[in-house]
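Below is one structure, written out as structure tokens; the observations come after it.
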Amino acid sequence: MKLSYILGLLAIVLTSQANFAQWTKGKNKGYYKVGFWSLVSDQHYTNTGNIDPNATRGTFNLSFYGEYGITDKLDAVAYIPFFARTYQNDQVSGTTGQITQAGEAINSIGDSDIGLRYQLLKKSHVALSTTLKLGLPVGNSSGGSDGSFQTGDGEFNQLLQVDLGVPFSFEKVSLYGKTYLGINNRSQGFSDEVHLGAEAGLGLWKNKIWLIGRINRVSSLFNGDKSALDSQGSIFANNVEFTSIGYEAAYYITKKIGVSISYATATSGRIIFANPTIAGGIFLDIK
């Protein structure tokens, strides 16, 4: 099986970078984060949903994520992996100890997202917004000796998403819940996708600490003609499907500055790595 048949969990990071409940920020307010994301994988889900081993391969990103309130109802949103590294370790014989296949690595910028989020409804106990996110193919879609070391997918996609959020409190503890549904239109022969998920957050110690849980699902519509086995395919292989669970903890050092750490993994999937990801960063929250 070609290594390009498997896919890093970068899609999970793109759906989990946003600031907590994802209401619109308000005019001249914003949320900005510089962070890292790392995946090292030695196994993957096949196209039948089984788990098979693979040569150890990893992806590491340094990124900027930002939300800025253009008006009280309209936000600009951007995600830019300004450094992306995809690598594979040396393959060593367990019998002789000799290297049977030399490792490889590429470094570049990664595929980026820009978008707009518009507030449809905002009440004291409910918020409804819609987001149009454009995926810019600025990463390397065919790196390495066999073209399978990608930091991007080579296609321009458009994700239209609706978010419904509910903030509430219990015994002076802040909580929120959120659910979303999106349609991702992909070009260059990739199948379109349905994105859906839910998120819940708990604020502690006068909201200096936030604990967050997420579940995300990506389903393929199988309406593309690009082969997932194509050695010139992308880090976003065609007809990928997965369900992921993630957790995040964020700590506000001051009222505006904080740090976060998160963990996510695919509990089931097709054509996707079967190992967890770790991410973290420092953020500025201007309320």
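Ligands are numbered from 1 in the order shown, chains are lettered A, B, ... in the order of the structure tokens, and residues start at 1 in each chain.
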12 Å contact set for Gly258 of chain A, only C-alpha atoms, chain neighbours under 4 positions out, as a list in words
Asn19, Tyr31, Tyr32, Lys33, Val34, Gly35, Asn207, Lys208, Ile209, Trp210, Ala249, Ala250, Tyr251, Tyr252, Ile253, Thr254, Gly280, Gly281, Ile282, Phe283, Leu284, Asp285 and Ile286 of chain A
Any idea what's packed within 8 Å of segment 238-241 of chain A, counting only C-alpha atoms, ignoring anything in its chain fewer than 4 positions away? Could you give it as a ChimeraX atom specification?
/A:190-191,217-222,224,226-228,269-272
Taking N, CA and C atoms for each residue, export the selection above as an mmCIF file, in the first residue's frame.
```
data_model
loop_
_atom_site.group_PDB
_atom_site.id
_atom_site.type_symbol
_atom_site.label_atom_id
_atom_site.label_comp_id
_atom_site.auth_asym_id
_atom_site.auth_seq_id
_atom_site.Cartn_x
_atom_site.Cartn_y
_atom_site.Cartn_z
ATOM 1 N N PHE A 190 -11.790 16.059 -6.155
ATOM 2 C CA PHE A 190 -12.041 15.567 -4.805
ATOM 3 C C PHE A 190 -13.543 15.537 -4.528
ATOM 4 N N SER A 191 -13.969 14.582 -3.737
ATOM 5 C CA SER A 191 -15.375 14.492 -3.350
ATOM 6 C C SER A 191 -15.725 15.593 -2.353
ATOM 7 N N ARG A 217 -17.203 14.985 12.957
ATOM 8 C CA ARG A 217 -17.431 13.940 11.965
ATOM 9 C C ARG A 217 -17.297 14.533 10.570
ATOM 10 N N VAL A 218 -16.521 13.883 9.707
ATOM 11 C CA VAL A 218 -16.423 14.236 8.297
ATOM 12 C C VAL A 218 -16.872 13.036 7.479
ATOM 13 N N SER A 219 -17.844 13.261 6.587
ATOM 14 C CA SER A 219 -18.357 12.195 5.719
ATOM 15 C C SER A 219 -18.206 12.618 4.266
ATOM 16 N N SER A 220 -17.755 11.707 3.432
ATOM 17 C CA SER A 220 -17.590 11.981 2.004
ATOM 18 C C SER A 220 -18.900 11.764 1.259
ATOM 19 N N LEU A 221 -19.151 12.576 0.243
ATOM 20 C CA LEU A 221 -20.306 12.377 -0.632
ATOM 21 C C LEU A 221 -19.967 11.470 -1.815
ATOM 22 N N PHE A 222 -18.699 11.070 -1.938
ATOM 23 C CA PHE A 222 -18.257 10.136 -2.975
ATOM 24 C C PHE A 222 -18.671 10.590 -4.377
ATOM 25 N N GLY A 224 -16.515 12.570 -6.282
ATOM 26 C CA GLY A 224 -15.303 12.953 -6.998
ATOM 27 C C GLY A 224 -14.722 11.785 -7.763
ATOM 28 N N LYS A 226 -11.088 11.516 -8.102
ATOM 29 C CA LYS A 226 -9.672 11.399 -7.792
ATOM 30 C C LYS A 226 -9.428 10.152 -6.961
ATOM 31 N N SER A 227 -8.429 9.371 -7.341
ATOM 32 C CA SER A 227 -8.121 8.134 -6.632
ATOM 33 C C SER A 227 -7.374 8.429 -5.346
ATOM 34 N N ALA A 228 -7.764 7.767 -4.263
ATOM 35 C CA ALA A 228 -7.060 7.899 -2.992
ATOM 36 C C ALA A 228 -5.699 7.223 -3.035
ATOM 37 N N GLY A 269 -12.492 5.553 11.159
ATOM 38 C CA GLY A 269 -12.224 6.306 9.948
ATOM 39 C C GLY A 269 -11.912 5.431 8.757
ATOM 40 N N ARG A 270 -11.705 6.104 7.645
ATOM 41 C CA ARG A 270 -11.280 5.475 6.403
ATOM 42 C C ARG A 270 -10.243 6.385 5.755
ATOM 43 N N ILE A 271 -9.095 5.796 5.383
ATOM 44 C CA ILE A 271 -8.007 6.515 4.715
ATOM 45 C C ILE A 271 -7.512 7.659 5.597
ATOM 46 N N ILE A 272 -7.178 7.349 6.833
ATOM 47 C CA ILE A 272 -6.721 8.365 7.774
ATOM 48 C C ILE A 272 -5.814 7.730 8.819
#
```
Mind dumping a table of every segment 100-176 of chain A residue within 12 Å of segment 211-215 of chain A, with the nearest atom pair and its distance in Å to one decimal, using only C-alpha atoms, sorted by chain and rising number, as CSV?
```
residue,atom,partner,partner_atom,distance
A:Val173,CA,A:Leu211,CA,11.9
A:Ser174,CA,A:Leu211,CA,10.7
A:Leu175,CA,A:Leu211,CA,9.6
A:Tyr176,CA,A:Ile212,CA,9.4
```
Within 10 Å of Ile245 of chain A using only C-alpha atoms, minus same-chain residues under 4 positions, as a PDB file with all heavy atoms, in the first residue's frame:
```
ATOM      1  N   ILE A  12      -8.792  17.824  11.476  1.00  0.00           N
ATOM      2  CA  ILE A  12      -9.293  18.004  12.826  1.00  0.00           C
ATOM      3  C   ILE A  12      -8.823  19.323  13.396  1.00  0.00           C
ATOM      4  O   ILE A  12      -9.560  20.046  14.060  1.00  0.00           O
ATOM      5  CB  ILE A  12      -8.856  16.820  13.718  1.00  0.00           C
ATOM      6  CG1 ILE A  12      -9.465  15.532  13.203  1.00  0.00           C
ATOM      7  CG2 ILE A  12      -9.236  17.058  15.170  1.00  0.00           C
ATOM      8  CD1 ILE A  12      -9.026  14.321  13.956  1.00  0.00           C
ATOM      9  N   GLY A 197     -20.566  18.354  14.011  1.00  0.00           N
ATOM     10  CA  GLY A 197     -19.945  18.093  15.291  1.00  0.00           C
ATOM     11  C   GLY A 197     -20.597  18.858  16.420  1.00  0.00           C
ATOM     12  O   GLY A 197     -21.564  19.604  16.229  1.00  0.00           O
ATOM     13  N   ALA A 198     -20.053  18.658  17.613  1.00  0.00           N
ATOM     14  CA  ALA A 198     -20.561  19.316  18.809  1.00  0.00           C
ATOM     15  C   ALA A 198     -19.398  19.617  19.735  1.00  0.00           C
ATOM     16  O   ALA A 198     -18.335  18.980  19.666  1.00  0.00           O
ATOM     17  CB  ALA A 198     -21.597  18.439  19.515  1.00  0.00           C
ATOM     18  N   GLU A 199     -19.613  20.593  20.606  1.00  0.00           N
ATOM     19  CA  GLU A 199     -18.567  21.049  21.511  1.00  0.00           C
ATOM     20  C   GLU A 199     -19.216  21.519  22.805  1.00  0.00           C
ATOM     21  O   GLU A 199     -20.316  22.069  22.799  1.00  0.00           O
ATOM     22  CB  GLU A 199     -17.797  22.200  20.851  1.00  0.00           C
ATOM     23  CG  GLU A 199     -16.726  22.846  21.688  1.00  0.00           C
ATOM     24  CD  GLU A 199     -16.023  23.959  20.927  1.00  0.00           C
ATOM     25  OE1 GLU A 199     -15.618  23.718  19.771  1.00  0.00           O
ATOM     26  OE2 GLU A 199     -15.904  25.062  21.486  1.00  0.00           O
ATOM     27  N   GLY A 213     -14.522  19.919  25.451  1.00  0.00           N
ATOM     28  CA  GLY A 213     -14.580  18.629  24.771  1.00  0.00           C
ATOM     29  C   GLY A 213     -15.243  18.785  23.414  1.00  0.00           C
ATOM     30  O   GLY A 213     -16.163  19.600  23.256  1.00  0.00           O
ATOM     31  N   ARG A 214     -14.766  18.035  22.414  1.00  0.00           N
ATOM     32  CA  ARG A 214     -15.294  18.150  21.054  1.00  0.00           C
ATOM     33  C   ARG A 214     -15.465  16.765  20.431  1.00  0.00           C
ATOM     34  O   ARG A 214     -14.697  15.845  20.703  1.00  0.00           O
ATOM     35  CB  ARG A 214     -14.342  18.951  20.148  1.00  0.00           C
ATOM     36  CG  ARG A 214     -14.069  20.360  20.579  1.00  0.00           C
ATOM     37  CD  ARG A 214     -13.176  21.063  19.566  1.00  0.00           C
ATOM     38  NE  ARG A 214     -12.942  22.446  19.924  1.00  0.00           N
ATOM     39  CZ  ARG A 214     -11.876  22.881  20.599  1.00  0.00           C
ATOM     40  NH1 ARG A 214     -10.949  22.024  20.970  1.00  0.00           N
ATOM     41  NH2 ARG A 214     -11.748  24.163  20.888  1.00  0.00           N
ATOM     42  N   ILE A 215     -16.458  16.655  19.578  1.00  0.00           N
ATOM     43  CA  ILE A 215     -16.592  15.493  18.709  1.00  0.00           C
ATOM     44  C   ILE A 215     -16.875  16.007  17.306  1.00  0.00           C
ATOM     45  O   ILE A 215     -17.708  16.907  17.121  1.00  0.00           O
ATOM     46  CB  ILE A 215     -17.695  14.529  19.198  1.00  0.00           C
ATOM     47  CG1 ILE A 215     -17.771  13.302  18.279  1.00  0.00           C
ATOM     48  CG2 ILE A 215     -19.041  15.226  19.335  1.00  0.00           C
ATOM     49  CD1 ILE A 215     -18.625  12.183  18.833  1.00  0.00           C
ATOM     50  N   ASN A 216     -16.148  15.513  16.327  1.00  0.00           N
ATOM     51  CA  ASN A 216     -16.269  15.962  14.937  1.00  0.00           C
ATOM     52  C   ASN A 216     -16.451  14.761  14.019  1.00  0.00           C
ATOM     53  O   ASN A 216     -15.902  13.682  14.267  1.00  0.00           O
ATOM     54  CB  ASN A 216     -15.024  16.739  14.501  1.00  0.00           C
ATOM     55  CG  ASN A 216     -14.811  17.990  15.321  1.00  0.00           C
ATOM     56  OD1 ASN A 216     -15.635  18.886  15.324  1.00  0.00           O
ATOM     57  ND2 ASN A 216     -13.693  18.044  16.044  1.00  0.00           N
ATOM     58  N   ARG A 217     -17.203  14.985  12.957  1.00  0.00           N
ATOM     59  CA  ARG A 217     -17.431  13.940  11.965  1.00  0.00           C
ATOM     60  C   ARG A 217     -17.297  14.533  10.570  1.00  0.00           C
ATOM     61  O   ARG A 217     -17.866  15.591  10.276  1.00  0.00           O
ATOM     62  CB  ARG A 217     -18.827  13.333  12.129  1.00  0.00           C
ATOM     63  CG  ARG A 217     -19.231  12.350  11.032  1.00  0.00           C
ATOM     64  CD  ARG A 217     -18.431  11.075  11.052  1.00  0.00           C
ATOM     65  NE  ARG A 217     -18.739  10.223   9.905  1.00  0.00           N
ATOM     66  CZ  ARG A 217     -18.098   9.093   9.628  1.00  0.00           C
ATOM     67  NH1 ARG A 217     -17.129   8.673  10.419  1.00  0.00           N
ATOM     68  NH2 ARG A 217     -18.420   8.381   8.577  1.00  0.00           N
ATOM     69  N   TYR A 263      -5.680  17.699  22.702  1.00  0.00           N
ATOM     70  CA  TYR A 263      -5.423  16.320  22.264  1.00  0.00           C
ATOM     71  C   TYR A 263      -6.627  15.870  21.452  1.00  0.00           C
ATOM     72  O   TYR A 263      -7.772  16.149  21.818  1.00  0.00           O
ATOM     73  CB  TYR A 263      -5.244  15.438  23.495  1.00  0.00           C
ATOM     74  CG  TYR A 263      -5.246  13.944  23.236  1.00  0.00           C
ATOM     75  CD1 TYR A 263      -4.057  13.247  23.102  1.00  0.00           C
ATOM     76  CD2 TYR A 263      -6.445  13.223  23.173  1.00  0.00           C
ATOM     77  CE1 TYR A 263      -4.048  11.871  22.899  1.00  0.00           C
ATOM     78  CE2 TYR A 263      -6.443  11.851  22.963  1.00  0.00           C
ATOM     79  CZ  TYR A 263      -5.246  11.184  22.827  1.00  0.00           C
ATOM     80  OH  TYR A 263      -5.243   9.824  22.616  1.00  0.00           O
ATOM     81  N   ALA A 264      -6.381  15.198  20.330  1.00  0.00           N
ATOM     82  CA  ALA A 264      -7.482  14.692  19.505  1.00  0.00           C
ATOM     83  C   ALA A 264      -7.075  13.381  18.862  1.00  0.00           C
ATOM     84  O   ALA A 264      -5.891  13.143  18.588  1.00  0.00           O
ATOM     85  CB  ALA A 264      -7.862  15.705  18.427  1.00  0.00           C
ATOM     86  N   THR A 265      -8.058  12.529  18.598  1.00  0.00           N
ATOM     87  CA  THR A 265      -7.773  11.263  17.940  1.00  0.00           C
ATOM     88  C   THR A 265      -9.000  10.803  17.160  1.00  0.00           C
ATOM     89  O   THR A 265     -10.135  11.153  17.508  1.00  0.00           O
ATOM     90  CB  THR A 265      -7.377  10.185  18.969  1.00  0.00           C
ATOM     91  OG1 THR A 265      -6.900   9.019  18.290  1.00  0.00           O
ATOM     92  CG2 THR A 265      -8.540   9.810  19.864  1.00  0.00           C
ATOM     93  N   ALA A 266      -8.769  10.043  16.119  1.00  0.00           N
ATOM     94  CA  ALA A 266      -9.862   9.465  15.336  1.00  0.00           C
ATOM     95  C   ALA A 266     -10.275   8.145  15.976  1.00  0.00           C
ATOM     96  O   ALA A 266      -9.455   7.235  16.133  1.00  0.00           O
ATOM     97  CB  ALA A 266      -9.431   9.246  13.895  1.00  0.00           C
ATOM     98  N   THR A 267     -11.526   8.054  16.344  1.00  0.00           N
ATOM     99  CA  THR A 267     -12.033   6.812  16.933  1.00  0.00           C
ATOM    100  C   THR A 267     -12.453   5.809  15.876  1.00  0.00           C
ATOM    101  O   THR A 267     -12.572   4.616  16.158  1.00  0.00           O
ATOM    102  CB  THR A 267     -13.225   7.104  17.861  1.00  0.00           C
ATOM    103  OG1 THR A 267     -14.256   7.769  17.097  1.00  0.00           O
ATOM    104  CG2 THR A 267     -12.804   8.016  19.000  1.00  0.00           C
ATOM    105  N   SER A 268     -12.695   6.292  14.672  1.00  0.00           N
ATOM    106  CA  SER A 268     -12.977   5.428  13.530  1.00  0.00           C
ATOM    107  C   SER A 268     -12.686   6.237  12.277  1.00  0.00           C
ATOM    108  O   SER A 268     -12.622   7.468  12.322  1.00  0.00           O
ATOM    109  CB  SER A 268     -14.439   4.948  13.519  1.00  0.00           C
ATOM    110  OG  SER A 268     -15.325   6.054  13.371  1.00  0.00           O
ATOM    111  N   PRO A 276      -3.092   9.639  17.725  1.00  0.00           N
ATOM    112  CA  PRO A 276      -3.577  10.932  18.222  1.00  0.00           C
ATOM    113  C   PRO A 276      -2.686  12.096  17.823  1.00  0.00           C
ATOM    114  O   PRO A 276      -1.525  11.926  17.444  1.00  0.00           O
ATOM    115  CB  PRO A 276      -3.573  10.741  19.742  1.00  0.00           C
ATOM    116  CG  PRO A 276      -2.503   9.723  19.985  1.00  0.00           C
ATOM    117  CD  PRO A 276      -2.560   8.780  18.807  1.00  0.00           C
TER     118      PRO A 276
END
```
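The space between atom CA of Phe64 of chain A and atom CA of Gly182 of chain A spans 22.6 Å.
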List every residue of segment 7-218 of chain A that DSSP, applied to the backbone of this structure, places in alpha helix (DSSP H), and write the result as a PyMOL selection string.
chain A and resi 10-16
So the first atom is atom CA of Phe36 of chain A and the second is atom CA of Thr59 of chain A; what is the distance between them in Å, to one decimal place?
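So the two atoms, atom CA of Phe36 of chain A and atom CA of Thr59 of chain A, lie 10.6 Å apart.
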Could you tell me, as a ChimeraX atom specification, which residues of segment 88-265 of chain A DSSP assigns to strand (DSSP E) when given the backbone?
/A:88,91-92,99-101,104-108,112-123,126-136,157-170,173-185,193-204,209-220,241-252,257-265
Just to be explicit: take each residue in the selection above, keep C-alpha atoms, and write the result as a compact mmCIF listing (two decimals), in the first residue's frame.
```txt
# COMPACT_ATOMS: atom_id res chain seq x y z
CA GLN A 88 9.21 9.86 7.42
CA GLN A 91 13.29 2.19 7.87
CA VAL A 92 15.67 -0.12 9.77
CA ILE A 99 18.71 1.12 6.96
CA THR A 100 16.49 -0.41 4.29
CA GLN A 101 14.89 2.86 3.25
CA GLU A 104 12.67 12.00 3.93
CA ALA A 105 11.25 15.35 4.92
CA ILE A 106 9.91 18.54 3.34
CA ASN A 107 9.34 21.97 4.86
CA SER A 108 7.00 24.61 3.46
CA SER A 112 -4.42 28.15 4.61
CA ASP A 113 -8.00 29.23 5.32
CA ILE A 114 -9.59 32.66 5.18
CA GLY A 115 -13.23 33.39 5.77
CA LEU A 116 -16.07 35.46 7.14
CA ARG A 117 -18.45 34.66 9.99
CA TYR A 118 -21.83 36.44 10.15
CA GLN A 119 -24.11 36.62 13.16
CA LEU A 120 -27.64 35.55 12.26
CA LEU A 121 -29.08 35.68 15.78
CA LYS A 122 -27.75 36.57 19.20
CA LYS A 123 -29.84 36.41 22.36
CA VAL A 126 -28.62 31.39 22.09
CA ALA A 127 -26.34 32.41 19.24
CA LEU A 128 -26.63 31.45 15.58
CA SER A 129 -23.96 32.25 13.00
CA THR A 130 -22.84 31.17 9.56
CA THR A 131 -19.28 30.97 8.25
CA LEU A 132 -17.90 30.86 4.71
CA LYS A 133 -14.34 29.56 4.75
CA LEU A 134 -12.11 29.43 1.66
CA GLY A 135 -9.28 26.87 1.56
CA LEU A 136 -6.24 28.29 -0.24
CA ASN A 157 -12.34 24.44 -1.47
CA GLN A 158 -15.26 26.35 0.02
CA LEU A 159 -16.79 25.38 3.37
CA LEU A 160 -20.19 26.83 4.28
CA GLN A 161 -21.03 26.17 7.93
CA VAL A 162 -23.80 27.03 10.40
CA ASP A 163 -23.08 27.17 14.16
CA LEU A 164 -25.65 27.11 16.95
CA GLY A 165 -24.36 27.93 20.43
CA VAL A 166 -25.98 28.08 23.86
CA PRO A 167 -24.21 29.78 26.80
CA PHE A 168 -25.51 29.15 30.32
CA SER A 169 -24.36 28.91 33.93
CA PHE A 170 -24.90 26.59 36.86
CA VAL A 173 -20.04 28.18 36.81
CA SER A 174 -19.95 29.26 33.15
CA LEU A 175 -20.80 26.65 30.53
CA TYR A 176 -21.65 26.52 26.86
CA GLY A 177 -22.69 24.04 24.22
CA LYS A 178 -22.34 24.31 20.47
CA THR A 179 -23.20 22.28 17.42
CA TYR A 180 -22.35 22.87 13.76
CA LEU A 181 -23.15 21.57 10.30
CA GLY A 182 -21.16 22.35 7.17
CA ILE A 183 -20.82 21.44 3.49
CA ASN A 184 -17.30 21.48 2.03
CA ASN A 185 -17.15 21.88 -1.76
CA GLU A 193 -17.87 16.51 2.28
CA VAL A 194 -20.36 16.94 5.10
CA HIS A 195 -18.87 18.28 8.35
CA LEU A 196 -20.75 18.09 11.63
CA GLY A 197 -19.94 18.09 15.29
CA ALA A 198 -20.56 19.32 18.81
CA GLU A 199 -18.57 21.05 21.51
CA ALA A 200 -19.02 21.79 25.21
CA GLY A 201 -17.02 24.04 27.51
CA LEU A 202 -16.73 24.58 31.24
CA GLY A 203 -15.26 27.73 32.84
CA LEU A 204 -13.61 27.41 36.24
CA ILE A 209 -9.51 27.99 33.21
CA TRP A 210 -11.63 26.50 30.41
CA LEU A 211 -12.05 22.77 29.83
CA ILE A 212 -13.46 21.85 26.42
CA GLY A 213 -14.58 18.63 24.77
CA ARG A 214 -15.29 18.15 21.05
CA ILE A 215 -16.59 15.49 18.71
CA ASN A 216 -16.27 15.96 14.94
CA ARG A 217 -17.43 13.94 11.96
CA VAL A 218 -16.42 14.24 8.30
CA SER A 219 -18.36 12.20 5.72
CA SER A 220 -17.59 11.98 2.00
CA GLU A 241 -14.11 9.81 6.51
CA PHE A 242 -13.57 9.94 10.25
CA THR A 243 -15.06 10.53 13.67
CA SER A 244 -12.76 12.27 16.13
CA ILE A 245 -12.87 13.14 19.81
CA GLY A 246 -10.78 15.96 21.21
CA TYR A 247 -10.09 17.72 24.49
CA GLU A 248 -8.64 21.14 25.23
CA ALA A 249 -7.57 23.03 28.36
CA ALA A 250 -6.99 26.79 28.26
CA TYR A 251 -5.58 28.99 31.02
CA TYR A 252 -5.83 32.79 31.10
CA ILE A 257 -3.34 36.45 27.38
CA GLY A 258 -3.48 32.70 27.85
CA VAL A 259 -2.08 29.31 26.88
CA SER A 260 -3.80 26.14 25.73
CA ILE A 261 -3.07 22.47 25.12
CA SER A 262 -5.24 19.97 23.25
CA TYR A 263 -5.42 16.32 22.26
CA ALA A 264 -7.48 14.69 19.51
CA THR A 265 -7.77 11.26 17.94
```
For Gly139 of chain A: contacts at 10 Å, only C-alpha atoms, fewer than 6 positions along chain excluded, given as number ranges by chain:
A: 81-84, 107-112, 150-155, 234-235
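Atom CA of Asn50 of chain A is positioned 27.0 Å from atom CA of Gly144 of chain A.
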Name the residues in contact with Thr71 of chain A at a cut-off of 12 Å, using only C-alpha atoms, excluding same-chain residues fewer than 2 positions from it; report them as a PDB file with C-alpha atoms, in the first residue's frame.
```pdb
ATOM      1  CA  THR A  24     -19.030  36.693  16.586  1.00  0.00           C
ATOM      2  CA  LYS A  25     -16.454  38.809  18.394  1.00  0.00           C
ATOM      3  CA  GLY A  26     -17.898  42.324  18.161  1.00  0.00           C
ATOM      4  CA  LYS A  27     -16.459  45.360  16.393  1.00  0.00           C
ATOM      5  CA  ASN A  28     -12.669  45.810  16.838  1.00  0.00           C
ATOM      6  CA  LYS A  29     -12.483  42.819  19.195  1.00  0.00           C
ATOM      7  CA  GLY A  30     -10.574  39.662  18.382  1.00  0.00           C
ATOM      8  CA  GLU A  67     -10.631  36.263  14.429  1.00  0.00           C
ATOM      9  CA  TYR A  68     -11.306  40.007  14.092  1.00  0.00           C
ATOM     10  CA  GLY A  69     -14.614  41.808  14.485  1.00  0.00           C
ATOM     11  CA  LYS A  73     -22.115  41.050  13.361  1.00  0.00           C
ATOM     12  CA  LEU A  74     -19.271  40.264  10.966  1.00  0.00           C
ATOM     13  CA  ASP A  75     -15.885  38.657  11.722  1.00  0.00           C
ATOM     14  CA  ALA A  76     -12.871  37.973   9.544  1.00  0.00           C
ATOM     15  CA  LEU A 116     -16.070  35.460   7.140  1.00  0.00           C
ATOM     16  CA  ARG A 117     -18.449  34.661   9.985  1.00  0.00           C
ATOM     17  CA  TYR A 118     -21.829  36.439  10.148  1.00  0.00           C
ATOM     18  CA  GLN A 119     -24.114  36.620  13.159  1.00  0.00           C
TER      19      GLN A 119
END
```
Option closest in space to Ile80 of chain A, from A:Ser38, A:Ser145, A:Asn61, A:Gln98 [counting only C-alpha atoms]
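Answer, going by the shortest atom-to-atom distance: A:Asn61.
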Please determine, counting only C-alpha atoms, which residue among A:Leu62, A:Val138, A:Ile70, A:Ala55 has the shortest atom-to-atom distance to Gly103 of chain A.
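Ranking A:Leu62, A:Val138, A:Ile70, A:Ala55 by distance to Gly103 of chain A, first place goes to A:Ala55.
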